[in-house]
file start-v2.cif (mmCIF, C-alpha atoms)
data_target
#
loop_
_atom_site.label_atom_id
_atom_site.label_comp_id
_atom_site.auth_asym_id
_atom_site.auth_seq_id
_atom_site.Cartn_x
_atom_site.Cartn_y
_atom_site.Cartn_z
CA MET D 7 1.87 -4.04 15.19
CA GLU D 8 3.13 -3.63 11.61
CA TRP D 9 -0.45 -3.77 10.29
CA MET D 10 -1.31 -0.64 12.31
CA TRP D 11 1.51 1.47 10.85
CA PHE D 12 0.79 0.23 7.33
CA SER D 13 -2.94 1.02 7.79
CA MET D 14 -2.23 4.53 9.07
CA ALA D 15 0.26 5.14 6.26
CA SER D 16 -2.32 3.99 3.71
CA ALA D 17 -5.07 6.16 5.23
CA PHE D 18 -2.88 9.27 5.26
CA THR D 19 -1.53 8.69 1.75
CA PHE D 20 -5.03 8.08 0.38
CA ALA D 21 -6.16 11.29 2.14
CA VAL D 22 -3.43 13.29 0.38
CA VAL D 23 -4.39 11.61 -2.90
CA SER D 24 -8.08 12.50 -2.39
CA VAL D 25 -7.29 16.18 -1.83
CA LEU D 26 -4.98 16.30 -4.86
CA ASP D 27 -7.64 14.48 -6.90
CA LYS D 28 -10.10 17.29 -6.17
CA LEU D 29 -7.47 19.86 -7.16
CA LEU D 30 -6.77 18.03 -10.42
CA ILE D 31 -10.45 17.62 -11.31
CA SER D 32 -11.28 21.27 -10.62
CA LYS D 33 -8.20 22.97 -12.11
CA HIS D 34 -6.24 20.68 -14.46
CA VAL D 35 -8.62 18.56 -16.58
CA ASP D 36 -11.71 19.26 -18.69
CA ASN D 37 -14.02 17.11 -16.55
CA ALA D 38 -14.14 14.14 -14.18
CA LYS D 39 -14.49 11.57 -16.99
CA VAL D 40 -11.19 12.71 -18.53
CA PHE D 41 -9.53 12.48 -15.12
CA ILE D 42 -10.94 8.98 -14.54
CA VAL D 43 -9.33 7.81 -17.81
CA THR D 44 -5.93 9.12 -16.65
CA VAL D 45 -6.43 7.33 -13.33
CA GLY D 46 -7.21 4.13 -15.24
CA ALA D 47 -4.05 4.49 -17.33
CA ALA D 48 -1.98 5.00 -14.17
CA GLN D 49 -3.57 1.95 -12.52
CA ILE D 50 -2.80 -0.23 -15.54
CA ILE D 51 0.83 0.95 -15.55
CA LEU D 52 1.14 0.16 -11.82
CA GLY D 53 -0.31 -3.28 -12.50
CA PHE D 54 2.31 -3.94 -15.18
CA ILE D 55 5.07 -2.71 -12.86
CA ALA D 56 4.03 -5.43 -10.38
CA ILE D 57 4.26 -8.24 -12.98
CA PRO D 58 7.94 -9.14 -12.28
CA MET D 59 7.05 -9.72 -8.60
CA SER D 60 3.86 -11.66 -9.43
CA THR D 61 3.15 -15.28 -10.23
CA LEU D 62 0.02 -16.98 -11.57
CA SER D 63 1.37 -20.51 -11.16
CA GLY D 64 -0.79 -22.58 -8.84
CA MET D 65 -3.54 -19.96 -8.85
CA THR D 66 -7.03 -21.41 -9.19
CA LEU D 67 -9.63 -20.06 -11.60
CA ASN D 68 -11.83 -19.20 -8.61
CA SER D 69 -9.10 -17.07 -6.99
CA LEU D 70 -8.32 -15.37 -10.30
CA THR D 71 -11.99 -14.52 -10.82
CA ILE D 72 -12.29 -13.11 -7.29
CA ALA D 73 -9.14 -11.01 -7.75
CA ILE D 74 -10.41 -9.62 -11.06
CA PHE D 75 -13.82 -8.81 -9.59
CA SER D 76 -12.10 -7.12 -6.63
CA GLY D 77 -10.29 -4.86 -9.10
CA ILE D 78 -13.43 -4.15 -11.12
CA SER D 79 -15.34 -3.22 -7.93
CA SER D 80 -12.53 -0.87 -6.96
CA GLY D 81 -12.59 0.70 -10.43
CA MET D 82 -16.36 1.23 -10.33
CA TYR D 83 -15.96 2.86 -6.90
CA LEU D 84 -13.45 5.33 -8.38
CA VAL D 85 -15.69 6.11 -11.38
CA ILE D 86 -18.63 7.04 -9.14
CA MET D 87 -16.60 8.89 -6.50
CA PHE D 88 -14.70 11.12 -8.94
CA GLN D 89 -17.84 12.13 -10.84
CA ILE D 90 -19.50 13.20 -7.58
CA MET D 91 -16.29 14.90 -6.40
CA GLU D 92 -16.35 17.12 -9.49
CA ALA D 93 -19.35 18.99 -8.09
CA GLN D 94 -18.85 18.61 -4.32
CA ASP D 95 -16.19 19.43 -1.71
CA VAL D 96 -13.72 16.64 -1.01
CA SER D 97 -14.44 16.90 2.73
CA ARG D 98 -18.09 16.12 1.93
CA VAL D 99 -17.37 13.16 -0.35
CA VAL D 100 -14.70 11.20 1.55
CA PRO D 101 -16.61 10.61 4.84
CA VAL D 102 -19.48 8.99 2.92
CA VAL D 103 -17.27 6.66 0.86
CA SER D 104 -15.32 5.85 4.02
CA THR D 105 -18.34 4.03 5.49
CA TYR D 106 -17.23 0.86 3.67
CA PRO D 107 -16.23 -1.06 6.86
CA VAL D 108 -19.93 -1.07 7.76
CA PHE D 109 -20.68 -2.89 4.53
CA VAL D 110 -17.74 -5.24 5.15
CA ALA D 111 -19.37 -6.13 8.48
CA ILE D 112 -22.72 -6.69 6.74
CA LEU D 113 -21.04 -8.94 4.15
CA ALA D 114 -19.40 -10.89 6.97
CA PHE D 115 -22.83 -11.36 8.56
CA PHE D 116 -24.54 -12.67 5.41
CA ILE D 117 -21.63 -14.60 3.87
CA LEU D 118 -19.61 -15.74 6.87
CA GLY D 119 -22.50 -16.01 9.32
CA GLU D 120 -20.97 -13.62 11.87
CA ASN D 121 -23.27 -12.32 14.61
CA VAL D 122 -24.64 -8.75 14.51
CA THR D 123 -25.47 -7.36 17.96
CA GLY D 124 -27.55 -4.39 19.06
CA TYR D 125 -24.29 -2.53 19.67
CA SER D 126 -23.20 -3.09 16.07
CA LEU D 127 -26.55 -1.84 14.77
CA ALA D 128 -26.19 1.30 16.90
CA CYS D 129 -22.70 1.91 15.46
CA ILE D 130 -24.04 1.44 11.93
CA LEU D 131 -26.78 4.02 12.59
CA VAL D 132 -24.20 6.48 13.99
CA THR D 133 -22.02 5.97 10.91
CA VAL D 134 -24.87 6.50 8.47
CA PHE D 135 -26.13 9.56 10.38
CA GLY D 136 -22.65 11.11 10.38
CA ALA D 137 -22.18 10.46 6.66
CA VAL D 138 -25.61 11.90 5.84
CA LEU D 139 -24.86 14.96 8.00
CA VAL D 140 -21.65 15.63 6.07
CA SER D 141 -23.10 14.89 2.64
CA LEU D 142 -26.20 17.06 3.09
CA SER D 143 -24.52 19.82 5.10
CA PRO D 144 -25.20 23.37 3.86
CA SER D 145 -22.72 25.08 1.54
CA GLU D 146 -21.91 28.77 1.95
CA GLY D 147 -24.97 29.21 4.12
CA LYS D 148 -27.35 27.59 1.65
CA SER D 149 -29.27 24.38 2.20
CA THR D 150 -28.27 21.40 0.05
CA LEU D 151 -31.29 19.26 0.91
CA ASN D 152 -32.40 18.78 -2.68
CA LYS D 153 -32.94 15.91 -5.07
CA SER D 154 -29.54 16.14 -6.79
CA ASN D 155 -27.57 16.08 -3.54
CA ILE D 156 -29.64 13.22 -2.11
CA THR D 157 -28.97 11.29 -5.33
CA ALA D 158 -25.26 12.06 -5.03
CA MET D 159 -25.26 10.82 -1.45
CA MET D 160 -26.94 7.55 -2.41
CA LEU D 161 -24.42 7.03 -5.23
CA LEU D 162 -21.57 7.62 -2.77
CA PHE D 163 -23.03 4.99 -0.43
CA PHE D 164 -23.17 2.61 -3.39
CA ALA D 165 -19.53 3.44 -4.18
CA SER D 166 -18.68 2.68 -0.57
CA ILE D 167 -20.36 -0.73 -0.89
CA LEU D 168 -18.26 -1.44 -3.98
CA PHE D 169 -15.03 -0.47 -2.19
CA GLY D 170 -15.99 -2.57 0.83
CA LEU D 171 -16.70 -5.51 -1.48
CA SER D 172 -13.30 -5.01 -3.13
CA GLN D 173 -11.50 -5.13 0.23
CA PHE D 174 -13.56 -8.09 1.43
CA LEU D 175 -12.77 -10.10 -1.70
CA ALA D 176 -9.07 -9.21 -1.52
CA LYS D 177 -8.88 -10.52 2.04
CA THR D 178 -10.74 -13.78 1.25
CA ILE D 179 -7.99 -14.87 -1.17
CA SER D 180 -5.00 -13.38 0.68
CA GLU D 181 -3.90 -16.81 1.93
CA ASP D 182 -3.97 -18.33 -1.57
CA VAL D 183 -2.72 -15.44 -3.72
CA GLY D 184 0.52 -13.51 -3.25
CA MET D 185 0.41 -9.81 -2.41
CA TRP D 186 2.09 -8.62 -5.62
CA THR D 187 -0.12 -10.91 -7.71
CA GLN D 188 -3.22 -9.31 -6.20
CA TYR D 189 -1.66 -5.87 -6.70
CA MET D 190 -1.07 -6.65 -10.38
CA ILE D 191 -4.54 -8.08 -11.06
CA ARG D 192 -6.32 -5.35 -9.11
CA GLY D 193 -4.36 -2.63 -10.90
CA ILE D 194 -5.01 -3.93 -14.40
CA SER D 195 -8.68 -4.89 -13.93
CA GLY D 196 -9.54 -1.73 -12.00
CA GLY D 197 -7.55 0.37 -14.45
CA VAL D 198 -9.34 -1.08 -17.48
CA THR D 199 -12.68 -0.31 -15.78
CA CYS D 200 -11.72 3.36 -15.40
CA PHE D 201 -9.99 3.61 -18.78
CA SER D 202 -13.12 2.33 -20.56
CA LEU D 203 -14.65 5.81 -20.16
CA ILE D 204 -12.40 6.93 -23.03
CA LEU D 205 -15.10 5.49 -25.33
CA LEU D 206 -17.54 8.21 -24.22
CA PRO D 207 -18.02 11.22 -26.54
CA GLY D 208 -15.41 13.97 -26.13
CA VAL D 209 -13.32 12.16 -23.53
CA PHE D 210 -10.50 11.18 -25.91
CA GLN D 211 -10.03 14.82 -26.96
CA GLY D 212 -9.87 15.83 -23.31
CA VAL D 213 -7.19 13.22 -22.64
CA LYS D 214 -5.17 14.46 -25.64
CA SER D 215 -5.26 18.02 -24.28
CA ILE D 216 -3.63 16.89 -21.01
CA VAL D 217 -0.53 15.77 -22.92
CA GLN D 218 -0.08 19.41 -23.95
CA LYS D 219 -0.05 20.54 -20.30
CA PRO D 220 3.29 19.40 -18.76
CA LYS D 221 2.41 20.79 -15.31
CA SER D 222 -0.91 18.93 -15.18
CA LEU D 223 0.66 15.76 -16.58
CA LEU D 224 3.42 15.87 -13.95
CA LEU D 225 0.94 16.38 -11.09
CA ILE D 226 -1.26 13.52 -12.35
CA GLY D 227 1.79 11.26 -12.61
CA PHE D 228 2.92 12.17 -9.09
CA THR D 229 -0.54 11.69 -7.57
CA GLU D 230 -1.95 8.72 -9.49
CA GLY D 231 1.41 7.01 -10.02
CA PHE D 232 3.82 7.66 -7.16
CA LEU D 233 1.42 8.35 -4.27
CA VAL D 234 -1.22 5.79 -5.28
CA PHE D 235 1.46 3.12 -5.70
CA PHE D 236 2.46 3.50 -2.06
CA ALA D 237 -1.12 3.97 -0.80
CA ILE D 238 -2.18 0.63 -2.34
CA LEU D 239 1.08 -1.05 -1.32
CA PHE D 240 0.57 0.03 2.31
CA PHE D 241 -3.02 -1.29 2.14
CA PHE D 242 -1.95 -4.73 0.91
CA LEU D 243 0.89 -4.89 3.44
CA ALA D 244 -1.70 -4.14 6.13
CA ILE D 245 -4.25 -6.80 5.13
CA TYR D 246 -1.52 -9.40 4.67
CA SER D 247 -0.17 -8.75 8.18
CA GLY D 248 -3.39 -8.12 10.13
CA LYS D 249 -7.09 -8.89 10.37
CA ILE D 250 -9.35 -7.05 7.95
CA TYR D 251 -11.54 -5.52 10.69
CA MET D 252 -8.46 -4.13 12.47
CA VAL D 253 -7.10 -2.71 9.22
CA SER D 254 -10.50 -1.15 8.43
CA THR D 255 -10.54 0.45 11.87
CA MET D 256 -7.24 2.24 11.36
CA MET D 257 -8.07 3.24 7.78
CA ALA D 258 -11.28 4.84 9.07
CA SER D 259 -9.08 7.80 10.05
CA ARG D 260 -8.87 8.88 6.40
CA PRO D 261 -11.76 11.42 6.59
CA ILE D 262 -10.03 13.16 9.51
CA PHE D 263 -6.84 13.57 7.46
CA VAL D 264 -8.84 14.80 4.45
CA PHE D 265 -10.74 17.28 6.63
CA GLY D 266 -7.52 18.72 8.08
CA ILE D 267 -5.57 18.86 4.80
CA SER D 268 -8.46 20.42 2.87
CA LEU D 269 -8.90 23.13 5.52
CA ILE D 270 -5.19 23.98 5.38
CA LEU D 271 -5.30 24.25 1.58
CA SER D 272 -8.35 26.53 1.87
CA LEU D 273 -6.58 29.11 4.04
CA PRO D 274 -6.51 32.62 2.49
CA LEU D 275 -2.72 32.51 2.04
CA ILE D 276 -2.93 29.23 0.08
CA LYS D 277 -6.48 29.11 -1.34
CA LEU D 278 -6.03 26.01 -3.50
CA LEU D 279 -9.43 24.72 -2.34
CA ASN D 280 -12.64 26.42 -1.22
CA GLU D 281 -13.64 24.45 1.86
CA PRO D 282 -15.69 26.34 4.50
CA LEU D 283 -13.39 27.66 7.24
CA LYS D 284 -15.86 28.97 9.80
CA GLY D 285 -19.42 29.06 11.02
CA ARG D 286 -22.24 26.55 10.97
CA VAL D 287 -21.09 24.72 7.82
CA LEU D 288 -17.66 23.93 9.27
CA ALA D 289 -19.20 22.80 12.58
CA ILE D 290 -21.70 20.47 10.89
CA ARG D 291 -19.02 18.86 8.71
CA ALA D 292 -16.67 18.46 11.67
CA VAL D 293 -19.37 16.76 13.76
CA GLY D 294 -20.51 14.60 10.84
CA THR D 295 -16.94 13.51 10.06
CA ALA D 296 -16.30 12.65 13.72
CA LEU D 297 -19.54 10.62 13.98
CA THR D 298 -18.72 8.75 10.77
CA VAL D 299 -15.24 7.81 11.98
CA LEU D 300 -16.47 6.81 15.46
CA GLY D 301 -19.27 4.70 14.01
CA VAL D 302 -16.93 2.93 11.59
CA VAL D 303 -14.42 2.25 14.36
CA GLY D 304 -17.20 0.86 16.55
CA VAL D 305 -18.39 -1.51 13.83
CA SER D 306 -14.86 -2.59 12.92
CA LEU D 307 -13.94 -3.41 16.52
CA LEU D 308 -16.82 -5.89 16.96
#
call {"tool": "encode", "arguments": {"input": "start-v2.cif", "output": "structure tokens"}}
result
Amino acid sequence: MEWMWFSMASAFTFAVVSVLDKLLISKHVDNAKVFIVTVGAAQIILGFIAIPMSTLSGMTLNSLTIAIFSGISSGMYLVIMFQIMEAQDVSRVVPVVSTYPVFVAILAFFILGENVTGYSLACILVTVFGAVLVSLSPSEGKSTLNKSNITAMMLLFFASILFGLSQFLAKTISEDVGMWTQYMIRGISGGVTCFSLILLPGVFQGVKSIVQKPKSLLLIGFTEGFLVFFAILFFFLAIYSGKIYMVSTMMASRPIFVFGISLILSLPLIKLLNEPLKGRVLAIRAVGTALTVLGVVGVSLL
């Protein structure tokens, strides 16, 4: 049962990270691109920290390529998610990107030849409906059914596919590649993907300004270094001790944690975030989050 505790620990830690990410993007950095570069730097550092526990001896070129592509897919997922998160509530973003187990199941069908039943299709439809409900839910009483929000939702689904692909690839080589070796390769390749945004106009100046803000720098280090280190470690411990569909099932609880934490931080006495606390908007997001989680669990348990 170790895989279950590791999965839950990873889901909760990633939920805390997601909420803090939103706080950092909205209050501590110039824009999402600057934040993504800092995330990339942290990922690269974590990758280098894992080098003493890693070994490339006996590793095939095929496994190395898969591990690198797993990291790149994870990095691309972060790039898309954070740019959407800059303009949207974290409780709206996370349920959509948490639909990745559905895409893992689809990959298993096409690549591994696993059977897809009518029940699985129903669960997929429930998941997608729940994610759409959350993503297109009204904000402060206003409808968000417009072109920009539909585009954002489609990009989040694409990000979810990338994250699902990253997990799927990591599991396929777990018997041939050591956990710390995967951690190292994923960290460096994913980190370089995120850090590459420093080449965009104005981003380097934004990164330089963070160095002059000790409070922001400390919070970024705590979130993207300390917390992310354990979130990823718990994830790898889970997939190395359990089946990927079981791990995905437990990690599907992440949107629930995000929903609860973000509401607490939006209370009048705290007011670090501005999530809706009452009325129709809260009800729609709660129902959409629940449907997304239930649908993902249903698909993962097939």
call {"tool": "resolve_selection", "arguments": {"input": "start-v2.cif", "expression": "the PyMOL selection byres ((chain D and resi 79) around 7)", "output": "list in words"}}
result
Phe75, Ser76, Gly77, Ile78, Ser80, Gly81, Met82, Tyr83, Leu168, Phe169, Leu171 and Ser172 of chain D
call {"tool": "resolve_selection", "arguments": {"input": "start-v2.cif", "expression": "the PyMOL selection byres ((chain D and resi 227) around 12)", "output": "mmCIF file with C-alpha atoms, keeping the file's coordinate frame"}}
result
data_model
loop_
_atom_site.group_PDB
_atom_site.id
_atom_site.type_symbol
_atom_site.label_atom_id
_atom_site.label_comp_id
_atom_site.auth_asym_id
_atom_site.auth_seq_id
_atom_site.Cartn_x
_atom_site.Cartn_y
_atom_site.Cartn_z
ATOM 1 C CA VAL D 23 -4.390 11.610 -2.900
ATOM 2 C CA LEU D 26 -4.980 16.300 -4.860
ATOM 3 C CA ASP D 27 -7.640 14.480 -6.900
ATOM 4 C CA LEU D 30 -6.770 18.030 -10.420
ATOM 5 C CA PHE D 41 -9.530 12.480 -15.120
ATOM 6 C CA THR D 44 -5.930 9.120 -16.650
ATOM 7 C CA VAL D 45 -6.430 7.330 -13.330
ATOM 8 C CA GLY D 46 -7.210 4.130 -15.240
ATOM 9 C CA ALA D 47 -4.050 4.490 -17.330
ATOM 10 C CA ALA D 48 -1.980 5.000 -14.170
ATOM 11 C CA GLN D 49 -3.570 1.950 -12.520
ATOM 12 C CA ILE D 51 0.830 0.950 -15.550
ATOM 13 C CA LEU D 52 1.140 0.160 -11.820
ATOM 14 C CA ILE D 216 -3.630 16.890 -21.010
ATOM 15 C CA VAL D 217 -0.530 15.770 -22.920
ATOM 16 C CA PRO D 220 3.290 19.400 -18.760
ATOM 17 C CA LYS D 221 2.410 20.790 -15.310
ATOM 18 C CA SER D 222 -0.910 18.930 -15.180
ATOM 19 C CA LEU D 223 0.660 15.760 -16.580
ATOM 20 C CA LEU D 224 3.420 15.870 -13.950
ATOM 21 C CA LEU D 225 0.940 16.380 -11.090
ATOM 22 C CA ILE D 226 -1.260 13.520 -12.350
ATOM 23 C CA PHE D 228 2.920 12.170 -9.090
ATOM 24 C CA THR D 229 -0.540 11.690 -7.570
ATOM 25 C CA GLU D 230 -1.950 8.720 -9.490
ATOM 26 C CA GLY D 231 1.410 7.010 -10.020
ATOM 27 C CA PHE D 232 3.820 7.660 -7.160
ATOM 28 C CA LEU D 233 1.420 8.350 -4.270
ATOM 29 C CA VAL D 234 -1.220 5.790 -5.280
ATOM 30 C CA PHE D 235 1.460 3.120 -5.700
#
call {"tool": "resolve_selection", "arguments": {"input": "start-v2.cif", "expression": "the PyMOL selection byres ((chain D and resi 187-195) around 8)", "output": "ChimeraX atom specification"}}
result
/D:49-57,59-62,73-78,80-81,176,183-186,196-199,238-239,242
call {"tool": "residues_around", "arguments": {"input": "start-v2.cif", "residues": "Phe164 (chain D)", "least_positions_apart": "2", "cutoff": "10 Å", "atoms": "all atoms listed in the file", "output": "ChimeraX atom specification"}}
result
/D:82-83,86-87,102-103,106,109,158-162,166-170
call {"tool": "atom_distance", "arguments": {"input": "start-v2.cif", "atom1": "CA of Trp11 (chain D)", "atom2": "CA of Gly304 (chain D)"}}
result
19.6 Å
call {"tool": "residues_around", "arguments": {"input": "start-v2.cif", "residues": "region 278-282 of chain D", "least_positions_apart": "6", "cutoff": "8 Å", "atoms": "all atoms listed in the file", "output": "PyMOL selection string"}}
result
chain D and resi 29+95+97+145-146+268-269+271-272+288
call {"tool": "axis_aligned_box", "arguments": {"input": "start-v2.cif", "around": "region 171-186 of chain D", "padding_each_side": "4 Å", "output": "AutoDock Vina command-line options"}}
result
--center_x -7.3 --center_y -11.7 --center_z -1.8 --size_x 26.8 --size_y 21.3 --size_z 15.7
call {"tool": "residues_near_point", "arguments": {"input": "start-v2.cif", "point": "(-6.1, -1.8, 10.2)", "cutoff": "9 Å", "atoms": "all atoms listed in the file", "output": "number ranges by chain"}}
result
D: 9-14, 241, 244-245, 248-258
call {"tool": "atom_distance", "arguments": {"input": "start-v2.cif", "atom1": "CA of Ala38 (chain D)", "atom2": "CA of Ile90 (chain D)"}}
result
8.6 Å
call {"tool": "atom_distance", "arguments": {"input": "start-v2.cif", "atom1": "CA of Lys39 (chain D)", "atom2": "CA of Val209 (chain D)"}}
result
6.7 Å
call {"tool": "closest_residue", "arguments": {"input": "start-v2.cif", "among": "D:Leu175, D:Val264, D:Leu243, D:Leu205", "to": "Leu70 (chain D)", "atoms": "only C-alpha atoms"}}
result
D:Leu175
call {"tool": "build_atoms", "arguments": {"input": "start-v2.cif", "residues": "region 270-299 of chain D", "atoms": "N, CA and C atoms", "output": "compact mmCIF listing (two decimals), in the coordinates of the input"}}
result
# COMPACT_ATOMS: atom_id res chain seq x y z
N ILE D 270 -6.48 23.28 5.53
CA ILE D 270 -5.19 23.98 5.38
C ILE D 270 -5.05 24.56 3.98
N LEU D 271 -5.42 23.78 2.96
CA LEU D 271 -5.30 24.25 1.58
C LEU D 271 -6.36 25.28 1.21
N SER D 272 -7.32 25.52 2.11
CA SER D 272 -8.35 26.53 1.87
C SER D 272 -8.06 27.84 2.59
N LEU D 273 -6.96 27.88 3.34
CA LEU D 273 -6.58 29.11 4.04
C LEU D 273 -6.34 30.24 3.04
N PRO D 274 -6.65 31.49 3.42
CA PRO D 274 -6.51 32.62 2.49
C PRO D 274 -5.13 32.74 1.85
N LEU D 275 -4.07 32.40 2.58
CA LEU D 275 -2.72 32.51 2.04
C LEU D 275 -2.41 31.44 0.99
N ILE D 276 -3.16 30.33 1.02
CA ILE D 276 -2.93 29.23 0.08
C ILE D 276 -4.03 29.18 -0.97
N LYS D 277 -5.26 29.04 -0.51
CA LYS D 277 -6.48 29.11 -1.34
C LYS D 277 -6.45 28.21 -2.57
N LEU D 278 -5.97 26.97 -2.40
CA LEU D 278 -6.03 26.01 -3.50
C LEU D 278 -7.40 25.35 -3.57
N LEU D 279 -8.08 25.27 -2.40
CA LEU D 279 -9.43 24.72 -2.34
C LEU D 279 -10.37 25.76 -1.73
N ASN D 280 -11.66 25.47 -1.75
CA ASN D 280 -12.64 26.42 -1.22
C ASN D 280 -13.52 25.78 -0.15
N GLU D 281 -12.89 25.05 0.76
CA GLU D 281 -13.64 24.45 1.86
C GLU D 281 -14.08 25.54 2.84
N PRO D 282 -15.24 25.36 3.50
CA PRO D 282 -15.69 26.34 4.50
C PRO D 282 -14.75 26.36 5.70
N LEU D 283 -14.36 27.54 6.16
CA LEU D 283 -13.39 27.66 7.24
C LEU D 283 -13.99 28.14 8.56
N LYS D 284 -15.27 28.48 8.57
CA LYS D 284 -15.86 28.97 9.80
C LYS D 284 -17.37 28.79 9.77
N GLY D 285 -17.97 29.04 10.94
CA GLY D 285 -19.42 29.06 11.02
C GLY D 285 -20.08 27.70 11.10
N ARG D 286 -21.38 27.72 10.82
CA ARG D 286 -22.24 26.55 10.97
C ARG D 286 -21.84 25.42 10.03
N VAL D 287 -21.45 25.75 8.80
CA VAL D 287 -21.09 24.72 7.82
C VAL D 287 -19.90 23.91 8.30
N LEU D 288 -18.86 24.61 8.77
CA LEU D 288 -17.66 23.93 9.27
C LEU D 288 -18.00 23.05 10.47
N ALA D 289 -18.84 23.56 11.38
CA ALA D 289 -19.20 22.80 12.58
C ALA D 289 -19.96 21.53 12.22
N ILE D 290 -20.91 21.64 11.29
CA ILE D 290 -21.70 20.47 10.89
C ILE D 290 -20.81 19.41 10.25
N ARG D 291 -19.90 19.83 9.37
CA ARG D 291 -19.02 18.86 8.71
C ARG D 291 -18.05 18.22 9.69
N ALA D 292 -17.58 19.01 10.66
CA ALA D 292 -16.67 18.46 11.67
C ALA D 292 -17.37 17.40 12.51
N VAL D 293 -18.60 17.70 12.96
CA VAL D 293 -19.37 16.76 13.76
C VAL D 293 -19.72 15.52 12.94
N GLY D 294 -20.16 15.72 11.70
CA GLY D 294 -20.51 14.60 10.84
C GLY D 294 -19.33 13.69 10.56
N THR D 295 -18.16 14.29 10.31
CA THR D 295 -16.94 13.51 10.06
C THR D 295 -16.57 12.69 11.29
N ALA D 296 -16.64 13.34 12.48
CA ALA D 296 -16.30 12.65 13.72
C ALA D 296 -17.25 11.48 13.98
N LEU D 297 -18.55 11.69 13.77
CA LEU D 297 -19.54 10.62 13.98
C LEU D 297 -19.31 9.46 13.01
N THR D 298 -18.98 9.79 11.76
CA THR D 298 -18.72 8.75 10.77
C THR D 298 -17.54 7.89 11.18
N VAL D 299 -16.45 8.54 11.57
CA VAL D 299 -15.24 7.81 11.98
C VAL D 299 -15.50 6.97 13.22
